[in-house]
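What follows is a short report on a single structure.
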Amino acid sequence: MTISRINKLREKFASLGVDAYLVKGYENRTYMSGFSGSNATLLITADHCELYTDFRYDERAREEAPNFN
């Protein structure tokens, strides 16, 4: 399900005039990635998705947000 949300966002990049989208808020981050940890940031580009968090959430991030590196 998160893939379709990511693709919908990517479709709006051109009209928004952006190359990437940075997601920091908990609700938005969980909605876009499925990651439920309290500390993370997402970076979504036209061809890549990154989830940045600290070491405490490594395992959870791999399990909950498999579409993010």
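Residue numbers start at 1 in each chain; chains themselves are named A, B, ... in the order of the structure tokens; ligands are numbered from 1 in the order shown.
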
Practice task
Pick out each residue of chain A that DSSP on the backbone tags as strand (DSSP E); I need them as a PyMOL selection string.
Solution key: chain A and resi 20-23+41-45+49-52

Would you output that residue set with C-alpha atoms, as a PDB file, in the first residue's frame?
```pdb
ATOM      1  CA  ALA A  20      12.414  15.297  -3.787  1.00  0.00           C
ATOM      2  CA  TYR A  21      10.168  15.358  -0.757  1.00  0.00           C
ATOM      3  CA  LEU A  22      11.358  15.334   2.859  1.00  0.00           C
ATOM      4  CA  VAL A  23       8.934  13.879   5.407  1.00  0.00           C
ATOM      5  CA  THR A  41      12.958  11.190   8.481  1.00  0.00           C
ATOM      6  CA  LEU A  42      12.005  10.062   4.987  1.00  0.00           C
ATOM      7  CA  LEU A  43      13.502  11.269   1.730  1.00  0.00           C
ATOM      8  CA  ILE A  44      11.508  10.404  -1.376  1.00  0.00           C
ATOM      9  CA  THR A  45      12.931  11.152  -4.817  1.00  0.00           C
ATOM     10  CA  CYS A  49      13.226   6.152  -1.004  1.00  0.00           C
ATOM     11  CA  GLU A  50      15.376   6.548   2.103  1.00  0.00           C
ATOM     12  CA  LEU A  51      14.451   6.223   5.770  1.00  0.00           C
ATOM     13  CA  TYR A  52      16.894   7.816   8.203  1.00  0.00           C
TER      14      TYR A  52
END
```

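The nearest approach to Asn67 of chain A among the residues A:Ala46, A:Met32, A:Leu16, A:Leu9, with only C-alpha atoms taken into account, belongs to A:Met32.
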
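For the atom pair formed by atom CA of Lys8 of chain A and atom CA of Arg60 of chain A, the distance is 24.9 Å, given to one decimal.
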
Practice task
Would you return as a PyMOL selection string the members of chain A that DSSP assigns to alpha helix (DSSP H) on this structure's backbone?
Solution key: chain A and resi 2-11+13-16+26-33+58-64

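Among the candidate residues A:Asn69, A:Thr53, A:Asn39, A:Asn7, the one lying nearest to Tyr26 of chain A is A:Asn39, with distances computed using only C-alpha atoms.
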
Exercise for the section: Excluding segment 36-38 of chain A and any residue of its chain fewer than 4 positions from it, enumerate the residues within 12 Å of it, using only C-alpha atoms, and give them as number ranges by chain. Expected result: A: 24-32, 51-65

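Closest to His48 of chain A among A:Arg5, A:Asp19, A:Phe68, A:Lys12 is A:Phe68, based on only C-alpha atoms.
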